[in-house]
Protein chains: 2
Amino acid sequence: MKKVLIFGAGRSAYSLIHYLSKVSLGEPIQITTADLKQPDFVIPDNTLFEKVNIQDEDHRNELVQEADLVISMVPVRFHSLVLKSCLQHKKSLITASYASPEIQSFHDEAVEKGITVLMECGLDPGIDHMSAMQVMDKIRGEGGEITHFETFTGGLLAPNHEDNPWEYKFTWNPRNVVLAGSGNSQFIQEGKYKYIPYHRLFRRTEVIHIPGHGYFEGYANRDSLKYKDLYQLDNIKTLYRGTLRRVGFCKAWDTFVQLGATEDSYEMRNVSKMTHRDFINSFLYYNPSDSVELKLAHYMGFEIESIEMYKLRWSGIFSDELVGLDSGTPAQILEHILKKKWTISKKEKDMIVMWHKFDYILNGASKRLLSYLAITGDDSLSTAMAKTVGLPIGIAAKRFLEGNSFGKGVVIPVIKNIYEPILKELKTFGINFIESEKTINA
Amino acid sequence: MKKVLIFGAGRSAYSLIHYLSKVSLGEPIQITTADLKQPDFVIPDNTLFEKVNIQDEDHRNELVQEADLVISMVPVRFHSLVLKSCLQHKKSLITASYASPEIQSFHDEAVEKGITVLMECGLDPGIDHMSAMQVMDKIRGEGGEITHFETFTGGLLAPNHEDNPWEYKFTWNPRNVVLAGSGNSQFIQEGKYKYIPYHRLFRRTEVIHIPGHGYFEGYANRDSLKYKDLYQLDNIKTLYRGTLRRVGFCKAWDTFVQLGATEDSYEMRNVSKMTHRDFINSFLYYNPSDSVELKLAHYMGFEIESIEMYKLRWSGIFSDELVGLDSGTPAQILEHILKKKWTISKKEKDMIVMWHKFDYILNGASKRLLSYLAITGDDSLSTAMAKTVGLPIGIAAKRFLEGNSFGKGVVIPVIKNIYEPILKELKTFGINFIESEKTINA
């Protein structure tokens, strides 16, 4: 009986656990989920739960030693602890997180120990790699040369579940949303390297139309340049990776960036006595009589009755309610305030949208291929995010246990024999890309 | 014969060396200046020069062992090396740099070894502390309570030497000018903590008038809050520390901030083939036909013939000249480009302006005391900056060698018996604060 050990029982593990619990390799798989706390969903009868502190090395090693495969769904900073145990006991590992320089530094040791460390096998990174590489391998297989590649992904609310002025709520890790884009974004456009500083990011948006799903706006997602090597796009003229939001989101979100309310580099003062209103006011000029609302509208150049001000008011940022934290950086405080209104309810469904554009030259003709995915959640547990992150990992895990090789060392799913079977099985869950193609002017 | 060892023979050491060479303590002082390169000015006949690599521990120790007092004018990152040698040989040290957490961590060891480490004894930090504390000690001595304190300092061009559209050139370390204000600025205004993110700093300026010297604009200088403890201003309502520029500078400089051209966190691509124009264009949107000038004017909301565009054009940023570096961060490249036009010539004189405003309550009446310093350079060596940085150090060194105590451990000149004699002697060099006082409405 094959044994799979899953570290991390957060909501992101829901679809993964349920998928694996239904897999049979002649006999069922023994699944153990290990975390500090019981999951807040019911786990299938045929799965086990083990209480573990991920930082307890002995306990971690004891569990890893028993497993045939380890999956890590813990916060990013703990992956290397899991990997160390995997290396010690020669067990392969799958995660949905980026192959960070730290993880990559273990490549040689993983090769030597004969294990696979399959990283970036969720949605974004994960399905984005797989679906893009499938198209690019097909184009290149036909002799085409890819000249432009743009790709956007967004975790959004499903249509009919967008009844708030932002048409947005947190459907995944709120901290990542608050810090999204911080740092610097880089990409290539028509052969030119382009750089956008964080404080201009939400004003440099593109409009993306997805047939049948409406209009979205996209902003650049940090360093697109690293995908040049990853996807072997040596002579690419345009390479742009971005994040999707509903139209109008970015202009209002930019308020927090312009205020400095998303900064995470210093602790604010007097947080325990701070109201939402105080928080916003601390970034605005002092005036004994002007309202915080007017000062903010003036700061941003918004009309008082604009949709941006509606969005901001709806978020409760002008309220006299106490923040409810004892300390925090601006980003931590903002996250805490927004969670009060931006937490998705059990009745609301989420949606994942992914969109790729490939321009290429084939036999002297300029062609464009568009490919998109739009998938909505089933309910508050089987969300679009949980499915699109958990199922690729689950399928990869099943295939590994069936004896398929992904290669040794640290790998990501840009290789045909990894991505092809995963994408094929994802279709059976409705995770399916729609493609359209046309010849464009040269 | 007393021996002073000065590490660092840059232009900042000019006034210091010349001052000390004229000091007599019954007999002259033996002065040794030590650096990797000969100074690019003539050193007085009675002083020695020693070629030394500051990172050569043995050579450093050998020199320190011989000295009665060490002065460090080397770049900030090397001060701790000098301090370690001083601790080893129980020699006192004076610098013009901030008492960084690293330097402060040696306080107990310095006390134990019985040495003085006098930090922040130049202009800013240095004369700012001394002149502010002198006023504050006087006010408090009379029973007054200080409610508001604002202080601004600027290194500028002297009047009649401002014949360029910025009315500004580099009169000190260009890198510090390019990175000025990066990070986050914090202050207190009317009892409220206020925070300004870097990308809004150069739009949140104040106008300061200095009688007889005209109008200036000031922007907040990082963390003003630390001066609350340093100056014992526990109940202060307003505490603001800023930097002065000529009016109009900040709006044009903001262009570089808005572009992201002052970022120092990543290396740009293809730098060896980059022209000034390419550098600016890499931060602007792609368009096959629009000019870089128009794109930049649009990005900033400047009229094409505005003074801001004149300033930017004058700086050569639109030129097709190669940058002339093989690699670099945006900040390093911008510094390199600006140095071509912004380097002060031998004919141009600099100016230092410092301005303090103290509001206080004395016997129930609200009072305001204004105090300012404006000093111009004598020539290209005896600049206002070299004098205001070097002379306070020189005077402190003389007083130390005369046997005056500054206390043991890491200290800064906020104590009366340190600052009073220094300020008194500075007056003999024309470095003199002008004060005015009035009763204001409560």
# chains A, B, ... in the order shown; residues from 1 in each chain; ligands from 1
>>> interface_residues(of="chain A", to="chain B", cutoff="8 Å", atoms="only C-alpha atoms", output="list in words")
Gln189, Glu190, Lys192, Tyr193, Lys194, Tyr195, Ile196, Pro197, His199, Arg200, Gln258, Leu259, Gly260, Arg269, Ser282, Phe283, Leu284, Tyr285 and Tyr286 of chain A
>>> residues_around(residues="range 211-219 of chain B", least_positions_apart="3", cutoff="10 Å", atoms="only C-alpha atoms", output="ChimeraX atom specification")
/B:151-154,159,181,185,201-208,222,240-250,353,372,374,434
>>> write_last_selection(atoms="C-alpha atoms", output="PDB file, in the first residue's frame")
ATOM      1  CA  THR B 151      14.929  71.734  11.453  1.00  0.00           C
ATOM      2  CA  PHE B 152      16.144  71.814   7.848  1.00  0.00           C
ATOM      3  CA  THR B 153      19.603  71.615   6.306  1.00  0.00           C
ATOM      4  CA  GLY B 154      20.702  71.856   2.687  1.00  0.00           C
ATOM      5  CA  PRO B 159      24.069  82.772  -4.818  1.00  0.00           C
ATOM      6  CA  GLY B 181      14.781  60.073   1.130  1.00  0.00           C
ATOM      7  CA  SER B 185       9.832  59.314   6.224  1.00  0.00           C
ATOM      8  CA  LEU B 201       8.150  62.675  -0.610  1.00  0.00           C
ATOM      9  CA  PHE B 202       9.103  65.234  -3.241  1.00  0.00           C
ATOM     10  CA  ARG B 203       5.475  66.376  -3.583  1.00  0.00           C
ATOM     11  CA  ARG B 204       4.988  66.962   0.151  1.00  0.00           C
ATOM     12  CA  THR B 205       7.321  69.946   0.433  1.00  0.00           C
ATOM     13  CA  GLU B 206       7.193  72.992   2.684  1.00  0.00           C
ATOM     14  CA  VAL B 207       8.312  76.497   1.770  1.00  0.00           C
ATOM     15  CA  ILE B 208      10.908  78.010   4.109  1.00  0.00           C
ATOM     16  CA  ARG B 222      13.566  59.935   6.874  1.00  0.00           C
ATOM     17  CA  TYR B 240      10.110  67.502  11.717  1.00  0.00           C
ATOM     18  CA  ARG B 241      13.564  67.170  10.234  1.00  0.00           C
ATOM     19  CA  GLY B 242      14.063  67.969   6.589  1.00  0.00           C
ATOM     20  CA  THR B 243      16.357  68.764   3.700  1.00  0.00           C
ATOM     21  CA  LEU B 244      16.435  72.111   1.876  1.00  0.00           C
ATOM     22  CA  ARG B 245      16.574  72.718  -1.865  1.00  0.00           C
ATOM     23  CA  ARG B 246      15.964  75.781  -4.026  1.00  0.00           C
ATOM     24  CA  VAL B 247      12.283  76.217  -4.935  1.00  0.00           C
ATOM     25  CA  GLY B 248      11.285  74.043  -7.896  1.00  0.00           C
ATOM     26  CA  PHE B 249      13.990  71.432  -7.427  1.00  0.00           C
ATOM     27  CA  CYS B 250      11.711  68.837  -5.868  1.00  0.00           C
ATOM     28  CA  VAL B 353      21.933  76.521   4.889  1.00  0.00           C
ATOM     29  CA  TYR B 372      19.603  79.987  10.886  1.00  0.00           C
ATOM     30  CA  ALA B 374      24.045  80.376   5.872  1.00  0.00           C
ATOM     31  CA  ILE B 434      21.390  84.255  13.483  1.00  0.00           C
TER      32      ILE B 434
END
>>> select_by_dssp(residues="range 177-332 of chain A", states="alpha helix (DSSP H)", output="PDB file with N, CA and C atoms, in the first residue's frame")
ATOM      1  N   VAL A 177      -2.149  39.397  -1.519  1.00  0.00           N
ATOM      2  CA  VAL A 177      -2.894  40.413  -2.279  1.00  0.00           C
ATOM      3  C   VAL A 177      -2.415  41.809  -1.863  1.00  0.00           C
ATOM      4  N   VAL A 178      -2.257  42.013  -0.556  1.00  0.00           N
ATOM      5  CA  VAL A 178      -1.822  43.333  -0.065  1.00  0.00           C
ATOM      6  C   VAL A 178      -0.420  43.675  -0.577  1.00  0.00           C
ATOM      7  N   LEU A 179       0.448  42.686  -0.631  1.00  0.00           N
ATOM      8  CA  LEU A 179       1.834  42.952  -1.053  1.00  0.00           C
ATOM      9  C   LEU A 179       2.038  42.774  -2.560  1.00  0.00           C
ATOM     10  N   TYR A 198       7.032  50.024  -8.352  1.00  0.00           N
ATOM     11  CA  TYR A 198       5.802  49.600  -7.660  1.00  0.00           C
ATOM     12  C   TYR A 198       4.763  50.713  -7.593  1.00  0.00           C
ATOM     13  N   HIS A 199       5.203  51.940  -7.312  1.00  0.00           N
ATOM     14  CA  HIS A 199       4.238  53.010  -7.099  1.00  0.00           C
ATOM     15  C   HIS A 199       3.571  53.477  -8.394  1.00  0.00           C
ATOM     16  N   ARG A 200       3.930  52.924  -9.535  1.00  0.00           N
ATOM     17  CA  ARG A 200       3.256  53.243 -10.794  1.00  0.00           C
ATOM     18  C   ARG A 200       2.553  52.020 -11.382  1.00  0.00           C
ATOM     19  N   LEU A 201       2.728  50.880 -10.726  1.00  0.00           N
ATOM     20  CA  LEU A 201       2.264  49.605 -11.279  1.00  0.00           C
ATOM     21  C   LEU A 201       0.775  49.598 -11.564  1.00  0.00           C
ATOM     22  N   LYS A 226      12.567  36.269 -16.155  1.00  0.00           N
ATOM     23  CA  LYS A 226      13.104  34.947 -15.845  1.00  0.00           C
ATOM     24  C   LYS A 226      12.444  33.846 -16.679  1.00  0.00           C
ATOM     25  N   TYR A 227      11.262  34.177 -17.265  1.00  0.00           N
ATOM     26  CA  TYR A 227      10.575  33.182 -18.091  1.00  0.00           C
ATOM     27  C   TYR A 227      11.199  33.025 -19.470  1.00  0.00           C
ATOM     28  N   LYS A 228      12.112  33.939 -19.802  1.00  0.00           N
ATOM     29  CA  LYS A 228      12.833  33.848 -21.070  1.00  0.00           C
ATOM     30  C   LYS A 228      13.645  32.549 -21.128  1.00  0.00           C
ATOM     31  N   ASP A 229      14.378  32.287 -20.082  1.00  0.00           N
ATOM     32  CA  ASP A 229      15.174  31.059 -20.034  1.00  0.00           C
ATOM     33  C   ASP A 229      14.285  29.840 -19.793  1.00  0.00           C
ATOM     34  N   LEU A 230      13.346  30.007 -18.874  1.00  0.00           N
ATOM     35  CA  LEU A 230      12.505  28.887 -18.462  1.00  0.00           C
ATOM     36  C   LEU A 230      11.745  28.302 -19.646  1.00  0.00           C
ATOM     37  N   PHE A 249     -10.577  48.030 -10.541  1.00  0.00           N
ATOM     38  CA  PHE A 249      -9.948  47.639  -9.278  1.00  0.00           C
ATOM     39  C   PHE A 249      -8.640  48.405  -9.060  1.00  0.00           C
ATOM     40  N   CYS A 250      -7.821  48.433 -10.077  1.00  0.00           N
ATOM     41  CA  CYS A 250      -6.448  48.935  -9.902  1.00  0.00           C
ATOM     42  C   CYS A 250      -6.415  50.419  -9.526  1.00  0.00           C
ATOM     43  N   LYS A 251      -7.295  51.206 -10.137  1.00  0.00           N
ATOM     44  CA  LYS A 251      -7.290  52.642  -9.854  1.00  0.00           C
ATOM     45  C   LYS A 251      -7.617  52.893  -8.382  1.00  0.00           C
ATOM     46  N   ALA A 252      -8.543  52.115  -7.828  1.00  0.00           N
ATOM     47  CA  ALA A 252      -8.888  52.284  -6.414  1.00  0.00           C
ATOM     48  C   ALA A 252      -7.811  51.682  -5.512  1.00  0.00           C
ATOM     49  N   TRP A 253      -7.289  50.529  -5.884  1.00  0.00           N
ATOM     50  CA  TRP A 253      -6.236  49.890  -5.080  1.00  0.00           C
ATOM     51  C   TRP A 253      -4.998  50.774  -5.006  1.00  0.00           C
ATOM     52  N   ASP A 254      -4.726  51.485  -6.095  1.00  0.00           N
ATOM     53  CA  ASP A 254      -3.575  52.379  -6.147  1.00  0.00           C
ATOM     54  C   ASP A 254      -3.573  53.363  -4.973  1.00  0.00           C
ATOM     55  N   THR A 255      -4.753  53.670  -4.454  1.00  0.00           N
ATOM     56  CA  THR A 255      -4.852  54.554  -3.282  1.00  0.00           C
ATOM     57  C   THR A 255      -3.964  54.049  -2.145  1.00  0.00           C
ATOM     58  N   PHE A 256      -4.058  52.751  -1.876  1.00  0.00           N
ATOM     59  CA  PHE A 256      -3.269  52.201  -0.759  1.00  0.00           C
ATOM     60  C   PHE A 256      -1.773  52.268  -1.054  1.00  0.00           C
ATOM     61  N   VAL A 257      -1.438  52.043  -2.320  1.00  0.00           N
ATOM     62  CA  VAL A 257      -0.029  52.130  -2.706  1.00  0.00           C
ATOM     63  C   VAL A 257       0.453  53.573  -2.570  1.00  0.00           C
ATOM     64  N   GLN A 258      -0.344  54.519  -3.069  1.00  0.00           N
ATOM     65  CA  GLN A 258       0.058  55.924  -3.021  1.00  0.00           C
ATOM     66  C   GLN A 258       0.172  56.427  -1.580  1.00  0.00           C
ATOM     67  N   LEU A 259      -0.685  55.931  -0.701  1.00  0.00           N
ATOM     68  CA  LEU A 259      -0.616  56.342   0.706  1.00  0.00           C
ATOM     69  C   LEU A 259       0.639  55.788   1.391  1.00  0.00           C
ATOM     70  N   HIS A 276      -9.432  52.655  12.180  1.00  0.00           N
ATOM     71  CA  HIS A 276      -9.252  52.590  10.718  1.00  0.00           C
ATOM     72  C   HIS A 276      -8.955  53.993  10.178  1.00  0.00           C
ATOM     73  N   ARG A 277      -9.745  54.954  10.665  1.00  0.00           N
ATOM     74  CA  ARG A 277      -9.621  56.337  10.208  1.00  0.00           C
ATOM     75  C   ARG A 277      -8.250  56.938  10.552  1.00  0.00           C
ATOM     76  N   ASP A 278      -7.789  56.636  11.758  1.00  0.00           N
ATOM     77  CA  ASP A 278      -6.448  57.107  12.158  1.00  0.00           C
ATOM     78  C   ASP A 278      -5.378  56.553  11.218  1.00  0.00           C
ATOM     79  N   PHE A 279      -5.550  55.274  10.892  1.00  0.00           N
ATOM     80  CA  PHE A 279      -4.576  54.611  10.013  1.00  0.00           C
ATOM     81  C   PHE A 279      -4.441  55.379   8.695  1.00  0.00           C
ATOM     82  N   ILE A 280      -5.584  55.647   8.048  1.00  0.00           N
ATOM     83  CA  ILE A 280      -5.557  56.361   6.761  1.00  0.00           C
ATOM     84  C   ILE A 280      -5.022  57.782   6.964  1.00  0.00           C
ATOM     85  N   ASN A 281      -5.465  58.438   8.027  1.00  0.00           N
ATOM     86  CA  ASN A 281      -5.064  59.823   8.284  1.00  0.00           C
ATOM     87  C   ASN A 281      -3.559  59.965   8.515  1.00  0.00           C
ATOM     88  N   VAL A 292     -10.922  63.447   6.710  1.00  0.00           N
ATOM     89  CA  VAL A 292     -10.010  62.461   6.124  1.00  0.00           C
ATOM     90  C   VAL A 292     -10.473  62.116   4.705  1.00  0.00           C
ATOM     91  N   GLU A 293     -11.800  62.052   4.520  1.00  0.00           N
ATOM     92  CA  GLU A 293     -12.331  61.721   3.187  1.00  0.00           C
ATOM     93  C   GLU A 293     -11.881  62.752   2.150  1.00  0.00           C
ATOM     94  N   LEU A 294     -12.046  64.041   2.488  1.00  0.00           N
ATOM     95  CA  LEU A 294     -11.684  65.074   1.524  1.00  0.00           C
ATOM     96  C   LEU A 294     -10.179  65.089   1.274  1.00  0.00           C
ATOM     97  N   LYS A 295      -9.410  64.921   2.353  1.00  0.00           N
ATOM     98  CA  LYS A 295      -7.953  64.929   2.178  1.00  0.00           C
ATOM     99  C   LYS A 295      -7.517  63.780   1.265  1.00  0.00           C
ATOM    100  N   LEU A 296      -8.147  62.624   1.441  1.00  0.00           N
ATOM    101  CA  LEU A 296      -7.780  61.469   0.620  1.00  0.00           C
ATOM    102  C   LEU A 296      -8.204  61.688  -0.838  1.00  0.00           C
ATOM    103  N   ALA A 297      -9.423  62.188  -1.027  1.00  0.00           N
ATOM    104  CA  ALA A 297      -9.899  62.435  -2.390  1.00  0.00           C
ATOM    105  C   ALA A 297      -8.977  63.429  -3.095  1.00  0.00           C
ATOM    106  N   HIS A 298      -8.567  64.462  -2.379  1.00  0.00           N
ATOM    107  CA  HIS A 298      -7.654  65.453  -2.950  1.00  0.00           C
ATOM    108  C   HIS A 298      -6.296  64.845  -3.262  1.00  0.00           C
ATOM    109  N   TYR A 299      -5.809  64.030  -2.349  1.00  0.00           N
ATOM    110  CA  TYR A 299      -4.489  63.377  -2.506  1.00  0.00           C
ATOM    111  C   TYR A 299      -4.459  62.539  -3.781  1.00  0.00           C
ATOM    112  N   MET A 300      -5.576  61.852  -4.046  1.00  0.00           N
ATOM    113  CA  MET A 300      -5.639  60.945  -5.193  1.00  0.00           C
ATOM    114  C   MET A 300      -6.236  61.599  -6.431  1.00  0.00           C
ATOM    115  N   ILE A 307     -16.630  56.370  -8.085  1.00  0.00           N
ATOM    116  CA  ILE A 307     -16.689  54.949  -7.715  1.00  0.00           C
ATOM    117  C   ILE A 307     -15.482  54.566  -6.845  1.00  0.00           C
ATOM    118  N   GLU A 308     -14.355  55.226  -7.060  1.00  0.00           N
ATOM    119  CA  GLU A 308     -13.188  54.925  -6.225  1.00  0.00           C
ATOM    120  C   GLU A 308     -13.479  55.261  -4.760  1.00  0.00           C
ATOM    121  N   MET A 309     -14.112  56.410  -4.513  1.00  0.00           N
ATOM    122  CA  MET A 309     -14.440  56.777  -3.130  1.00  0.00           C
ATOM    123  C   MET A 309     -15.498  55.829  -2.554  1.00  0.00           C
ATOM    124  N   TYR A 310     -16.440  55.386  -3.400  1.00  0.00           N
ATOM    125  CA  TYR A 310     -17.409  54.375  -2.948  1.00  0.00           C
ATOM    126  C   TYR A 310     -16.694  53.105  -2.507  1.00  0.00           C
ATOM    127  N   LYS A 311     -15.758  52.674  -3.317  1.00  0.00           N
ATOM    128  CA  LYS A 311     -15.007  51.461  -2.982  1.00  0.00           C
ATOM    129  C   LYS A 311     -14.298  51.624  -1.651  1.00  0.00           C
ATOM    130  N   LEU A 312     -13.629  52.755  -1.508  1.00  0.00           N
ATOM    131  CA  LEU A 312     -12.843  52.982  -0.288  1.00  0.00           C
ATOM    132  C   LEU A 312     -13.770  53.053   0.926  1.00  0.00           C
ATOM    133  N   ARG A 313     -14.893  53.774   0.800  1.00  0.00           N
ATOM    134  CA  ARG A 313     -15.845  53.873   1.919  1.00  0.00           C
ATOM    135  C   ARG A 313     -16.396  52.504   2.279  1.00  0.00           C
ATOM    136  N   TRP A 314     -16.755  51.723   1.248  1.00  0.00           N
ATOM    137  CA  TRP A 314     -17.328  50.392   1.478  1.00  0.00           C
ATOM    138  C   TRP A 314     -16.347  49.502   2.264  1.00  0.00           C
ATOM    139  N   PRO A 330       2.398  48.875   8.127  1.00  0.00           N
ATOM    140  CA  PRO A 330       1.231  49.336   7.382  1.00  0.00           C
ATOM    141  C   PRO A 330       0.530  48.183   6.649  1.00  0.00           C
ATOM    142  N   ALA A 331       1.290  47.325   5.984  1.00  0.00           N
ATOM    143  CA  ALA A 331       0.687  46.223   5.211  1.00  0.00           C
ATOM    144  C   ALA A 331      -0.103  45.279   6.115  1.00  0.00           C
ATOM    145  N   GLN A 332       0.432  44.979   7.291  1.00  0.00           N
ATOM    146  CA  GLN A 332      -0.273  44.080   8.217  1.00  0.00           C
ATOM    147  C   GLN A 332      -1.564  44.713   8.714  1.00  0.00           C
TER     148      GLN A 332
END
>>> atom_distance(atom1="CA of Lys3 in chain A", atom2="CA of Gln30 in chain A")
4.7 Å
>>> closest_residue(among="B:Ser12, B:Asn53, B:Asn173, B:Ser80", to="Ala99 in chain B", atoms="only C-alpha atoms")
B:Ser80
>>> residues_around(residues="Lys387 in chain B", least_positions_apart="4", cutoff="8 Å", atoms="only C-alpha atoms", output="ChimeraX atom specification")
/B:15-16,377,382-383,391
>>> select_by_dssp(residues="range 149-325 of chain A", states="strand (DSSP E)", output="NGL selection string")
:A and (149-157 or 184-189 or 192-197 or 206-210 or 214-220 or 238-246)
>>> closest_residue(among="A:Thr116, A:Ile393, A:Ile94, A:Lys339", to="His18 in chain A", atoms="only C-alpha atoms")
A:Ile393
